[in-house]
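Heads up, entry_2.cif below (mmCIF, C-alpha atoms and all ligand atoms):
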data_start
loop_
_atom_site.label_atom_id
_atom_site.label_comp_id
_atom_site.auth_asym_id
_atom_site.auth_seq_id
_atom_site.Cartn_x
_atom_site.Cartn_y
_atom_site.Cartn_z
CA MET O 1 8.10 -8.32 12.85
CA ILE O 2 9.20 -11.93 13.25
CA LEU O 3 11.81 -12.78 10.68
CA PRO O 4 11.40 -16.22 9.14
CA ASP O 5 14.34 -18.54 9.49
CA PHE O 6 16.38 -17.77 6.42
CA GLY O 7 18.93 -20.40 7.28
CA PRO O 8 22.66 -20.36 7.78
CA PHE O 9 23.66 -19.39 4.24
CA ILE O 10 23.77 -15.67 4.74
CA TYR O 11 26.14 -13.52 6.69
CA PHE O 12 25.51 -10.05 8.01
CA TYR O 13 27.30 -7.35 6.10
CA ASP O 14 25.84 -4.38 7.91
CA LYS O 15 22.50 -3.52 9.52
CA ASP O 16 20.37 -3.89 6.37
CA ARG O 17 22.44 -5.81 3.91
CA PHE O 18 23.53 -9.42 3.75
CA HIS O 19 26.86 -10.61 2.47
CA ARG O 20 26.65 -11.27 -1.25
CA LYS O 21 27.73 -14.77 -2.22
CA PRO O 22 29.23 -15.33 -5.67
CA GLY O 23 26.46 -15.54 -8.27
CA MET O 24 23.84 -14.24 -5.84
CA PRO O 25 22.13 -10.86 -5.97
CA ALA O 26 22.56 -8.52 -3.00
CA LEU O 27 20.09 -9.37 -0.24
CA HIS O 28 18.42 -6.75 1.90
CA ARG O 29 16.84 -7.43 5.25
CA HIS O 30 13.77 -5.59 6.60
CA PHE O 31 13.62 -3.72 3.30
CA SER O 32 11.17 -0.80 2.97
CA LEU O 33 8.74 -1.31 0.10
CA GLN O 34 7.45 2.27 0.16
CA ARG O 35 9.44 3.23 -2.94
CA ASN O 36 8.46 -0.04 -4.58
CA ASN O 37 4.72 0.61 -4.78
CA THR O 38 3.06 3.52 -6.57
CA PHE O 39 0.47 3.90 -3.77
CA GLY O 40 3.49 4.87 -1.66
CA VAL O 41 2.28 2.91 1.35
CA GLU O 42 4.76 1.71 3.93
CA GLY O 43 5.50 -1.97 4.38
CA HIS O 44 8.60 -4.07 4.74
CA ALA O 45 9.92 -7.22 3.13
CA ALA O 46 11.71 -9.55 5.52
CA LEU O 47 14.14 -10.13 2.67
CA TYR O 48 14.47 -8.39 -0.70
CA ALA O 49 16.58 -9.03 -3.78
CA SER O 50 16.67 -7.77 -7.34
CA PRO O 51 18.39 -10.44 -9.49
CA ALA O 52 19.88 -9.03 -12.69
CA SER O 53 20.11 -12.30 -14.62
CA PRO O 54 18.37 -15.68 -14.83
CA GLY O 55 21.47 -17.18 -13.18
CA GLU O 56 21.21 -14.86 -10.18
CA LEU O 57 17.51 -15.64 -9.84
CA ALA O 58 18.15 -19.39 -9.97
CA ALA O 59 20.93 -19.09 -7.37
CA LEU O 60 18.68 -17.02 -5.12
CA LEU O 61 15.81 -19.50 -5.27
CA GLN O 62 18.19 -22.38 -4.78
CA GLU O 63 19.00 -20.95 -1.39
CA TYR O 64 15.51 -19.69 -0.59
CA PRO O 65 13.12 -22.18 -2.23
CA PRO O 66 9.52 -20.92 -2.35
CA GLU O 67 8.31 -24.11 -0.62
CA ARG O 68 10.16 -22.93 2.49
CA PHE O 69 10.25 -19.15 2.15
CA PRO O 70 7.12 -17.28 1.06
CA LEU O 71 7.89 -15.59 -2.26
CA LEU O 72 6.45 -12.41 -3.72
CA VAL O 73 7.51 -11.20 -7.16
CA ILE O 74 7.02 -7.52 -7.91
CA GLY O 75 7.71 -5.19 -10.83
CA GLU O 76 7.56 -1.46 -10.19
CA GLY O 77 4.66 -1.95 -7.78
CA SER O 78 2.13 -0.10 -9.92
CA ASN O 79 -0.67 -2.61 -9.45
CA ILE O 80 -0.19 -3.73 -5.89
CA LEU O 81 -1.48 -2.67 -2.48
CA PHE O 82 0.51 -3.70 0.60
CA ARG O 83 -1.70 -4.14 3.64
CA SER O 84 1.10 -5.22 5.90
CA ASP O 85 4.71 -6.33 5.94
CA PHE O 86 5.63 -9.31 3.79
CA ASN O 87 7.18 -11.96 5.94
CA GLY O 88 9.18 -13.64 3.21
CA LEU O 89 11.34 -12.96 0.18
CA VAL O 90 10.37 -10.18 -2.24
CA VAL O 91 12.00 -10.48 -5.65
CA ARG O 92 12.12 -7.69 -8.19
CA PRO O 93 13.58 -9.06 -11.43
CA ALA O 94 16.08 -6.67 -12.99
CA CYS O 95 16.94 -8.44 -16.25
CA MET O 96 17.48 -5.66 -18.78
CA GLY O 97 17.89 -5.17 -22.52
CA ILE O 98 15.84 -4.34 -25.64
CA GLU O 99 16.93 -6.47 -28.61
CA PRO O 100 15.39 -7.05 -32.02
CA VAL O 101 15.71 -10.82 -32.53
CA ARG O 102 13.94 -11.51 -35.80
CA THR O 103 12.39 -9.70 -38.78
CA ARG O 104 9.99 -10.89 -41.46
CA GLY O 105 8.19 -8.71 -43.98
CA ASN O 106 6.87 -5.70 -42.10
CA GLN O 107 7.25 -7.29 -38.71
CA VAL O 108 9.96 -7.25 -36.09
CA TRP O 109 10.24 -9.36 -32.96
CA VAL O 110 11.78 -7.55 -30.01
CA THR O 111 12.93 -9.24 -26.79
CA VAL O 112 12.82 -7.03 -23.70
CA GLY O 113 14.14 -7.71 -20.20
CA ALA O 114 11.50 -7.95 -17.47
CA GLY O 115 13.17 -5.19 -15.46
CA GLU O 116 12.90 -2.54 -18.19
CA ASN O 117 10.49 0.30 -17.51
CA TRP O 118 7.40 -0.14 -19.69
CA ASP O 119 7.13 3.41 -20.98
CA SER O 120 10.86 3.74 -21.69
CA TYR O 121 10.54 0.61 -23.79
CA VAL O 122 7.51 2.04 -25.66
CA ALA O 123 9.48 5.26 -26.29
CA THR O 124 12.48 3.26 -27.57
CA ALA O 125 10.28 1.09 -29.79
CA THR O 126 8.46 4.07 -31.32
CA GLY O 127 11.77 5.89 -31.77
CA ARG O 128 13.35 2.92 -33.57
CA GLY O 129 10.40 2.45 -35.91
CA TRP O 130 8.86 -0.60 -34.19
CA TYR O 131 5.21 0.26 -33.99
CA GLY O 132 2.03 -0.93 -32.31
CA LEU O 133 2.45 -0.04 -28.65
CA GLU O 134 1.83 3.73 -28.86
CA ASN O 135 -1.63 3.43 -27.26
CA LEU O 136 0.03 1.86 -24.23
CA SER O 137 2.26 4.88 -23.66
CA LEU O 138 2.84 6.17 -20.12
CA ILE O 139 1.39 3.13 -18.36
CA PRO O 140 3.41 2.85 -15.15
CA GLY O 141 5.21 -0.41 -14.45
CA SER O 142 7.81 -2.84 -15.72
CA VAL O 143 7.88 -4.92 -18.89
CA GLY O 144 7.79 -8.14 -16.86
CA ALA O 145 4.52 -7.08 -15.22
CA ALA O 146 2.82 -6.16 -18.49
CA PRO O 147 1.68 -9.68 -19.49
CA VAL O 148 0.64 -10.57 -15.93
CA GLN O 149 -2.41 -8.34 -16.02
CA ASN O 150 -2.40 -8.00 -19.81
CA ILE O 151 -2.16 -4.23 -19.57
CA GLY O 152 -4.44 -2.35 -21.91
CA ALA O 153 -5.46 1.17 -22.79
CA TYR O 154 -7.07 3.12 -25.63
CA GLY O 155 -8.05 0.05 -27.62
CA VAL O 156 -4.80 -1.96 -27.40
CA GLU O 157 -3.73 -4.74 -25.04
CA VAL O 158 -0.29 -6.25 -24.57
CA SER O 159 -1.64 -9.59 -25.80
CA ASP O 160 -2.22 -7.97 -29.24
CA HIS O 161 1.55 -7.75 -29.73
CA PHE O 162 2.75 -10.60 -27.55
CA ALA O 163 4.87 -13.30 -29.20
CA TRP O 164 6.40 -15.33 -26.34
CA LEU O 165 8.07 -14.93 -22.98
CA ASP O 166 10.82 -16.65 -21.04
CA ALA O 167 10.18 -17.40 -17.40
CA TYR O 168 11.73 -19.27 -14.52
CA ASP O 169 9.56 -22.13 -13.31
CA THR O 170 10.02 -22.12 -9.55
CA GLU O 171 8.57 -25.64 -9.19
CA LYS O 172 10.63 -27.44 -11.81
CA ARG O 173 13.54 -25.03 -11.36
CA VAL O 174 14.08 -24.60 -15.06
CA GLN O 175 13.70 -21.82 -17.57
CA VAL O 176 10.63 -22.20 -19.80
CA ARG O 177 9.33 -20.50 -22.94
CA MET O 178 5.62 -19.71 -23.04
CA ASP O 179 3.65 -18.74 -26.12
CA HIS O 180 0.43 -16.77 -26.48
CA GLN O 181 -1.78 -19.77 -25.80
CA ASP O 182 0.21 -20.82 -22.72
CA CYS O 183 -0.36 -17.38 -21.19
CA ARG O 184 -4.19 -17.58 -21.41
CA PHE O 185 -4.72 -13.86 -21.79
CA GLY O 186 -8.06 -12.28 -20.98
CA TYR O 187 -9.29 -8.82 -20.01
CA ARG O 188 -6.69 -7.70 -17.44
CA SER O 189 -5.84 -11.32 -16.76
CA SER O 190 -3.50 -14.15 -17.70
CA ILE O 191 -2.33 -17.48 -16.32
CA PHE O 192 0.12 -15.52 -14.12
CA LYS O 193 -2.77 -14.14 -12.08
CA SER O 194 -4.11 -17.63 -11.39
CA GLY O 195 -2.92 -20.08 -8.76
CA SER O 196 -1.22 -22.34 -11.31
CA GLY O 197 0.62 -19.43 -12.92
CA SER O 198 2.19 -18.05 -9.78
CA ARG O 199 5.05 -20.57 -10.14
CA TYR O 200 6.51 -18.59 -13.06
CA ILE O 201 8.79 -15.58 -12.77
CA ILE O 202 8.94 -13.65 -16.03
CA LEU O 203 12.48 -12.92 -17.22
CA SER O 204 11.90 -11.40 -20.65
CA VAL O 205 9.04 -10.76 -23.05
CA THR O 206 9.16 -10.86 -26.84
CA PHE O 207 6.80 -8.61 -28.78
CA CYS O 208 5.83 -8.75 -32.43
CA LEU O 209 5.68 -5.19 -33.79
CA HIS O 210 5.17 -3.50 -37.14
CA THR O 211 7.95 -1.80 -39.06
CA ARG O 212 5.36 0.26 -40.94
CA PRO O 213 3.00 2.55 -39.02
CA VAL O 214 -0.37 0.99 -38.12
CA LEU O 215 -2.35 3.52 -36.12
CA ASN O 216 -5.06 2.42 -33.72
CA LEU O 217 -7.38 5.43 -33.39
CA GLY O 218 -10.63 3.66 -32.58
CA TYR O 219 -10.97 4.41 -28.84
CA GLY O 220 -13.03 7.34 -27.50
CA ASN O 221 -11.79 10.71 -28.70
CA VAL O 222 -8.29 9.54 -29.69
CA LYS O 223 -8.91 10.06 -33.42
CA GLN O 224 -10.45 13.46 -32.85
CA GLU O 225 -7.47 14.67 -30.81
CA PHE O 226 -4.99 13.12 -33.24
CA ILE O 227 -6.54 14.93 -36.20
CA ALA O 228 -7.07 18.20 -34.32
CA GLY O 229 -3.36 18.26 -33.46
CA GLY O 230 -2.36 17.60 -37.09
CA GLY O 231 -1.14 14.12 -36.11
CA GLN O 232 0.32 11.80 -38.74
CA THR O 233 2.92 9.49 -37.26
CA PRO O 234 2.99 6.87 -34.48
CA ASP O 235 5.06 9.34 -32.49
CA ASP O 236 2.23 11.88 -32.78
CA LEU O 237 -0.17 9.20 -31.53
CA ARG O 238 2.12 8.52 -28.57
CA LYS O 239 2.04 12.25 -27.77
CA VAL O 240 -1.78 12.33 -27.94
CA ILE O 241 -2.06 9.34 -25.59
CA ILE O 242 0.40 10.89 -23.15
CA SER O 243 -1.53 14.15 -23.22
CA ILE O 244 -4.89 12.39 -22.58
CA ARG O 245 -3.43 10.39 -19.71
CA GLN O 246 -1.75 13.41 -18.14
CA ARG O 247 -4.99 15.37 -18.27
CA LYS O 248 -7.15 12.59 -16.91
CA LEU O 249 -5.07 10.51 -14.55
CA PRO O 250 -3.12 11.51 -11.44
CA ASP O 251 0.67 11.27 -11.65
CA PRO O 252 1.64 8.54 -9.16
CA ALA O 253 4.85 10.47 -8.36
CA ILE O 254 2.62 13.19 -6.85
CA TYR O 255 -0.59 11.40 -5.88
CA GLY O 256 -0.03 7.79 -4.85
CA ASN O 257 -2.27 5.50 -6.91
CA ALA O 258 -2.26 2.27 -8.88
CA GLY O 259 -4.36 3.24 -11.91
CA SER O 260 -7.78 1.62 -12.12
CA PHE O 261 -8.48 0.01 -8.78
CA PHE O 262 -11.30 -2.17 -10.12
CA LYS O 263 -11.86 -3.91 -13.43
CA ASN O 264 -14.77 -2.90 -15.61
CA PRO O 265 -17.41 -5.57 -14.89
CA VAL O 266 -18.27 -7.85 -17.81
CA THR O 267 -21.86 -9.06 -17.51
CA GLU O 268 -24.62 -10.86 -19.38
CA GLU O 269 -26.82 -8.75 -21.62
CA SER O 270 -29.82 -9.53 -19.40
CA ILE O 271 -28.18 -7.77 -16.44
CA LEU O 272 -27.54 -4.76 -18.65
CA GLU O 273 -31.20 -4.73 -19.74
CA ASP O 274 -32.36 -4.70 -16.10
CA LEU O 275 -29.96 -1.88 -15.40
CA ARG O 276 -31.14 0.09 -18.43
CA SER O 277 -34.73 0.07 -17.27
CA ALA O 278 -33.68 1.97 -14.15
CA TYR O 279 -30.77 3.92 -15.74
CA PRO O 280 -31.38 4.44 -19.47
CA ASP O 281 -28.09 6.34 -19.80
CA VAL O 282 -25.84 3.47 -18.65
CA PRO O 283 -22.85 3.24 -21.02
CA PHE O 284 -21.75 -0.21 -22.18
CA TYR O 285 -19.38 -1.83 -24.65
CA PRO O 286 -19.93 -5.27 -26.24
CA ASP O 287 -16.86 -7.48 -25.71
CA GLN O 288 -15.50 -10.26 -27.93
CA THR O 289 -17.36 -13.00 -26.04
CA GLY O 290 -20.88 -11.63 -26.66
CA ARG O 291 -21.08 -10.13 -23.17
CA VAL O 292 -21.04 -6.46 -22.25
CA LYS O 293 -18.56 -4.35 -20.34
CA ILE O 294 -20.02 -1.67 -18.10
CA PRO O 295 -17.64 1.11 -17.02
CA ALA O 296 -16.85 0.74 -13.34
CA ALA O 297 -16.17 4.51 -13.34
CA TRP O 298 -19.82 5.13 -14.22
CA LEU O 299 -21.11 2.80 -11.49
CA ILE O 300 -18.81 4.43 -8.93
CA GLU O 301 -19.84 7.92 -10.00
CA LYS O 302 -23.57 7.05 -9.88
CA ALA O 303 -23.07 5.55 -6.43
CA GLY O 304 -21.86 8.99 -5.29
CA TRP O 305 -18.16 8.20 -4.94
CA LYS O 306 -16.68 10.44 -7.64
CA GLY O 307 -14.11 12.79 -6.08
CA LYS O 308 -15.11 11.63 -2.60
CA ARG O 309 -12.46 11.71 0.08
CA ILE O 310 -12.36 10.12 3.52
CA GLY O 311 -9.34 11.17 5.55
CA ARG O 312 -6.22 10.55 3.51
CA VAL O 313 -7.89 8.44 0.78
CA GLY O 314 -10.14 9.47 -2.08
CA THR O 315 -11.20 8.83 -5.66
CA TRP O 316 -9.66 11.01 -8.38
CA PRO O 317 -12.16 13.74 -9.36
CA GLY O 318 -11.63 13.19 -13.10
CA GLN O 319 -11.64 9.39 -13.03
CA PRO O 320 -13.25 7.80 -9.95
CA LEU O 321 -11.90 4.36 -10.86
CA VAL O 322 -8.55 5.62 -9.61
CA VAL O 323 -8.13 5.58 -5.84
CA VAL O 324 -5.59 8.06 -4.48
CA ASN O 325 -3.43 8.12 -1.38
CA TYR O 326 -3.59 11.84 -0.57
CA GLY O 327 -1.36 11.64 2.48
CA SER O 328 0.47 8.88 4.17
CA ALA O 329 -2.48 6.51 4.28
CA SER O 330 -1.83 2.90 5.17
CA GLY O 331 -2.65 0.04 2.84
CA GLN O 332 -5.45 -0.99 5.19
CA GLU O 333 -7.04 2.49 5.05
CA ILE O 334 -7.00 2.35 1.26
CA LEU O 335 -8.48 -1.13 1.25
CA ASP O 336 -11.24 -0.12 3.70
CA PHE O 337 -12.12 2.86 1.49
CA THR O 338 -12.40 0.68 -1.62
CA GLU O 339 -14.49 -1.91 0.22
CA GLN O 340 -17.02 0.82 1.00
CA ILE O 341 -17.21 1.71 -2.69
CA ARG O 342 -17.66 -1.94 -3.55
CA LYS O 343 -20.43 -2.34 -1.00
CA ASP O 344 -22.33 0.72 -2.21
CA VAL O 345 -22.05 -0.25 -5.88
CA PHE O 346 -23.29 -3.75 -5.07
CA HIS O 347 -26.15 -2.38 -3.00
CA GLN O 348 -27.26 0.01 -5.74
CA PHE O 349 -26.67 -2.05 -8.88
CA GLY O 350 -26.27 -5.67 -7.75
CA ILE O 351 -22.84 -5.73 -9.45
CA ASP O 352 -19.83 -6.88 -7.44
CA LEU O 353 -16.73 -4.99 -8.58
CA GLU O 354 -13.62 -7.08 -8.91
CA ARG O 355 -10.29 -5.56 -7.92
CA GLU O 356 -7.71 -5.04 -10.63
CA VAL O 357 -5.10 -4.16 -8.03
CA ARG O 358 -3.47 -7.04 -6.20
CA VAL O 359 -3.73 -6.86 -2.42
CA VAL O 360 -0.84 -8.40 -0.46
N1 LIG D 1 -16.87 7.37 -16.93
C1 LIG D 1 -17.78 7.93 -16.07
N2 LIG D 1 -17.32 8.86 -15.18
C2 LIG D 1 -16.03 9.27 -15.16
C3 LIG D 1 -15.10 8.70 -16.03
C4 LIG D 1 -15.55 7.73 -16.92
O1 LIG D 1 -18.97 7.61 -16.08
O2 LIG D 1 -15.71 10.12 -14.32
C5 LIG D 1 -17.37 6.34 -17.89
C6 LIG D 1 -17.68 6.96 -19.24
O3 LIG D 1 -18.82 6.33 -19.75
C7 LIG D 1 -16.49 6.61 -20.07
C8 LIG D 1 -16.16 5.24 -19.52
O4 LIG D 1 -16.38 5.37 -18.11
O5 LIG D 1 -16.78 6.55 -21.44
C9 LIG D 1 -14.77 4.77 -19.79
O6 LIG D 1 -13.84 5.67 -19.21
P1 LIG D 1 -12.30 5.67 -19.65
O7 LIG D 1 -12.18 5.86 -21.12
O8 LIG D 1 -11.59 6.62 -18.76
O9 LIG D 1 -11.81 4.19 -19.38
P2 LIG D 1 -12.04 3.16 -18.18
O10 LIG D 1 -12.83 2.04 -18.73
O11 LIG D 1 -12.54 3.83 -16.97
C10 LIG D 1 -9.99 1.76 -18.89
C11 LIG D 1 -8.81 1.11 -18.24
C12 LIG D 1 -7.71 2.14 -18.03
C13 LIG D 1 -7.33 2.75 -19.37
C14 LIG D 1 -8.58 3.38 -19.98
C15 LIG D 1 -8.35 3.94 -21.36
C16 LIG D 1 -9.73 -0.71 -16.93
C17 LIG D 1 -10.04 -1.23 -15.58
N3 LIG D 1 -9.19 0.51 -16.99
O12 LIG D 1 -10.54 2.68 -17.95
O13 LIG D 1 -6.58 1.46 -17.55
O14 LIG D 1 -6.32 3.72 -19.22
O15 LIG D 1 -9.60 2.37 -20.11
O16 LIG D 1 -8.25 2.89 -22.25
O17 LIG D 1 -9.97 -1.40 -17.91
C18 LIG D 1 -5.55 0.72 -15.56
O18 LIG D 1 -5.83 -0.42 -15.93
O19 LIG D 1 -4.93 0.94 -14.49
C19 LIG D 1 -5.98 1.83 -16.37
C20 LIG D 1 -5.82 3.10 -15.98
#

As structure tokens, how would this structure be written, given the file I've shared?
Amino acid sequence: MILPDFGPFIYFYDKDRFHRKPGMPALHRHFSLQRNNTFGVEGHAALYASPASPGELAALLQEYPPERFPLLVIGEGSNILFRSDFNGLVVRPACMGIEPVRTRGNQVWVTVGAGENWDSYVATATGRGWYGLENLSLIPGSVGAAPVQNIGAYGVEVSDHFAWLDAYDTEKRVQVRMDHQDCRFGYRSSIFKSGSGSRYIILSVTFCLHTRPVLNLGYGNVKQEFIAGGGQTPDDLRKVIISIRQRKLPDPAIYGNAGSFFKNPVTEESILEDLRSAYPDVPFYPDQTGRVKIPAAWLIEKAGWKGKRIGRVGTWPGQPLVVVNYGSASGQEILDFTEQIRKDVFHQFGIDLEREVRVV
């Protein structure tokens, strides 16, 4: 790998670690990203740092401005696929803390550091009587990554409880506050996934939660399982969601994966009607915009890819939308596998699946 010219500011400390300047986070050279992506694929960052405060991040980017050094911001790597080494600076924000900052009526606003683990935060919130995020239990990843793809599960999305976030604007080199509208949330999308949004590095996120239980039981068999288990409280709902996920989805600590690899396609009703004439059993869900969402899992299953395995890569037998690294597959092998799925689905249904996972 050719290391970019990182300039004269840094001094070697030992083989893999640069000298830490005052106010700067520790810098690592030729840093393995294998433990920083839930697919568990190998890849290296030319330079890696995990700033623990906005000040450390600003100091870091002062020395390594993104105009000169390619920048990649990651969370816990649960929605990313590395195809190769990253010949630039990888930053993993590590700002921590979970603080209630305001209350009004039955609502509480809670500010959470971008580096906090998402599920630990959900557990803390539920435990402290701040409700609304139970349906998002056990989603892998960091709090800072949650608004980027507007994580969602079992009828709830992060945007439903989002109040504002603080981010570092790498172009203007200032800290900015962004509200709901600024973030332009959509289905598994936000401004941060677009070209214009990549300039922001999320430092903390503030959520608006309920201080009285409001249970969201509308999705699939959630209500049925909740009642069958004698459920009553938000904590019971969290347990039901965890149990459903553990039954249905592979644990990334055992089987490398990044959750749903593709988004569920959202199409015009006319496309659905065409599809229904050939496949009367096609499931679909109307979305808020008058279009319909067709489960990618169904399309993949019908195209013959459910539980299929090629070499060290396969789809999860219980949920074919999840692509699994069964051995030490490379990022390229995983990508090739998913491109074959995409091709077959397009050939059979005329629907082009869009990746949810970010390929780097
Ligand atoms: N289905 C099949 N075959 C299967 C599995 C599912 O045909 O083997 C069809 C069924 O019709 C089923 C439908 O797919 O009703 C939906 O399945 P599921 O409830 O498992 O949800 P999903 O749409 O496949 C989405 C999210 C998941 C989230 C679940 C639960 C996306 C891309 N994925 O999956 O999120 O956990 O809903 O809310 O929207 C993730 O984003 O990484 C993720 C795992």

Can you pull out every residue within 12 Å of O:Glu333, counting all atoms listed in the file, but drop anything in the same chain fewer than 2 positions away, and send it as a compact mmCIF listing (two decimals) with C-alpha atoms, in the frame of the given file?
# COMPACT_ATOMS: atom_id res chain seq x y z
CA PHE O 39 0.47 3.90 -3.77
CA VAL O 41 2.28 2.91 1.35
CA GLU O 42 4.76 1.71 3.93
CA LEU O 81 -1.48 -2.67 -2.48
CA PHE O 82 0.51 -3.70 0.60
CA ARG O 83 -1.70 -4.14 3.64
CA SER O 84 1.10 -5.22 5.90
CA ARG O 309 -12.46 11.71 0.08
CA ILE O 310 -12.36 10.12 3.52
CA GLY O 311 -9.34 11.17 5.55
CA ARG O 312 -6.22 10.55 3.51
CA VAL O 313 -7.89 8.44 0.78
CA GLY O 314 -10.14 9.47 -2.08
CA VAL O 323 -8.13 5.58 -5.84
CA VAL O 324 -5.59 8.06 -4.48
CA ASN O 325 -3.43 8.12 -1.38
CA TYR O 326 -3.59 11.84 -0.57
CA GLY O 327 -1.36 11.64 2.48
CA SER O 328 0.47 8.88 4.17
CA ALA O 329 -2.48 6.51 4.28
CA SER O 330 -1.83 2.90 5.17
CA GLY O 331 -2.65 0.04 2.84
CA LEU O 335 -8.48 -1.13 1.25
CA ASP O 336 -11.24 -0.12 3.70
CA PHE O 337 -12.12 2.86 1.49
CA THR O 338 -12.40 0.68 -1.62
CA GLU O 339 -14.49 -1.91 0.22
CA GLN O 340 -17.02 0.82 1.00

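Taking atom CA of O:Ile202 and atom CA of O:Ala58 as the two end points, the separation is 12.4 Å.
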
* What lies within 8 Å of stretch 185-201 of chain O using all atoms listed in the file, ignoring chain neighbours under 3 positions off, as a list of chain:residue names? -> O:Val73, O:Pro147, O:Val148, O:Gln149, O:Asn150, O:Ile151, O:Gly152, O:Ser159, O:Ala167, O:Tyr168, O:Asp169, O:Thr170, O:Glu171, O:His180, O:Gln181, O:Asp182, O:Lys263, O:Glu356

Within 6 Å of ligand LIG 1 (chain D), which residues of chain O come that close, and what is the closest atom pair and distance in Å for each? Count all atoms listed in the file and give it as JSON lines.
{"residue": "O:Ala153", "atom": "CA", "partner": "D:LIG1", "partner_atom": "O16", "distance": 3.3}
{"residue": "O:Tyr154", "atom": "CA", "partner": "D:LIG1", "partner_atom": "O16", "distance": 3.6}
{"residue": "O:Gly259", "atom": "CA", "partner": "D:LIG1", "partner_atom": "O19", "distance": 3.5}
{"residue": "O:Ser260", "atom": "CA", "partner": "D:LIG1", "partner_atom": "O19", "distance": 3.8}
{"residue": "O:Phe262", "atom": "CA", "partner": "D:LIG1", "partner_atom": "C17", "distance": 5.7}
{"residue": "O:Lys263", "atom": "CA", "partner": "D:LIG1", "partner_atom": "C17", "distance": 3.9}
{"residue": "O:Asn264", "atom": "CA", "partner": "D:LIG1", "partner_atom": "C17", "distance": 5.0}
{"residue": "O:Pro283", "atom": "CA", "partner": "D:LIG1", "partner_atom": "O3", "distance": 5.2}
{"residue": "O:Pro295", "atom": "CA", "partner": "D:LIG1", "partner_atom": "O4", "distance": 4.6}
{"residue": "O:Ala297", "atom": "CA", "partner": "D:LIG1", "partner_atom": "N1", "distance": 4.6}
{"residue": "O:Trp298", "atom": "CA", "partner": "D:LIG1", "partner_atom": "O1", "distance": 3.2}
{"residue": "O:Glu301", "atom": "CA", "partner": "D:LIG1", "partner_atom": "N2", "distance": 5.8}
{"residue": "O:Gly318", "atom": "CA", "partner": "D:LIG1", "partner_atom": "O2", "distance": 5.2}
{"residue": "O:Gln319", "atom": "CA", "partner": "D:LIG1", "partner_atom": "O2", "distance": 4.3}
{"residue": "O:Pro320", "atom": "CA", "partner": "D:LIG1", "partner_atom": "O2", "distance": 5.5}

* To do: Extract, using only C-alpha atoms, all DNA, RNA and protein residues at most 6 Å from O:Phe207, discarding same-chain residues fewer than 5 positions from it, and format them as a ChimeraX atom specification.
  => /O:109-110,161-163

As AutoDock Vina command-line options, what would the box around stretch 67-80 of chain O look like: edges along x, y and z, 4 Å added on every side, centre and edge lengths in Å to one decimal?
--center_x 4.8 --center_y -12.1 --center_z -4.2 --size_x 18.9 --size_y 32.0 --size_z 21.3

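Shell of O:Leu272 at 12 Å, with only C-alpha atoms counted and residues fewer than 6 places along the chain excluded, is O:Pro265, O:Val266, O:Ala278, O:Tyr279, O:Pro280, O:Asp281, O:Val282, O:Pro283, O:Phe284, O:Tyr285, O:Pro286, O:Arg291, O:Val292, O:Lys293, O:Ile294, O:Pro295, O:Phe349, O:Gly350, O:Ile351.
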
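Residues lying within 10 Å of (10.5, 2.8, -21.8). Counted over all atoms listed in the file, they are Ile98, Glu116, Asn117, Trp118, Asp119, Ser120, Tyr121, Val122, Ala123, Thr124, Ala125, Thr126, Ser137, Leu138, Ile139, Pro140, Gly141, Ser142 and Val143 of chain O.
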
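Note that atom CA of O:Ala296 and atom CA of O:Ser277 are 18.3 Å apart.
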
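Distances from O:Pro317, O:Gly115, O:Gly155, O:Gly55 to O:Gly218 were compared using only C-alpha atoms, and the smallest one belongs to O:Gly155.
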
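Interatomic distance, atom CA of O:Phe346 to atom CA of O:Ala258: 22.2 Å.
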
* Asked: Quick one: residues within 7 Å of O:Leu209, only C-alpha atoms counted, chain neighbours fewer than 6 positions away excluded, as an MDAnalysis selection string?
  -> chainID O and resid 107:109 130:132 161

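Ranking O:Leu237, O:Leu165, O:Ala59, O:Ala49 by their shortest atom-to-atom distance to O:Asn135, with all atoms listed in the file included, puts O:Leu237 first.
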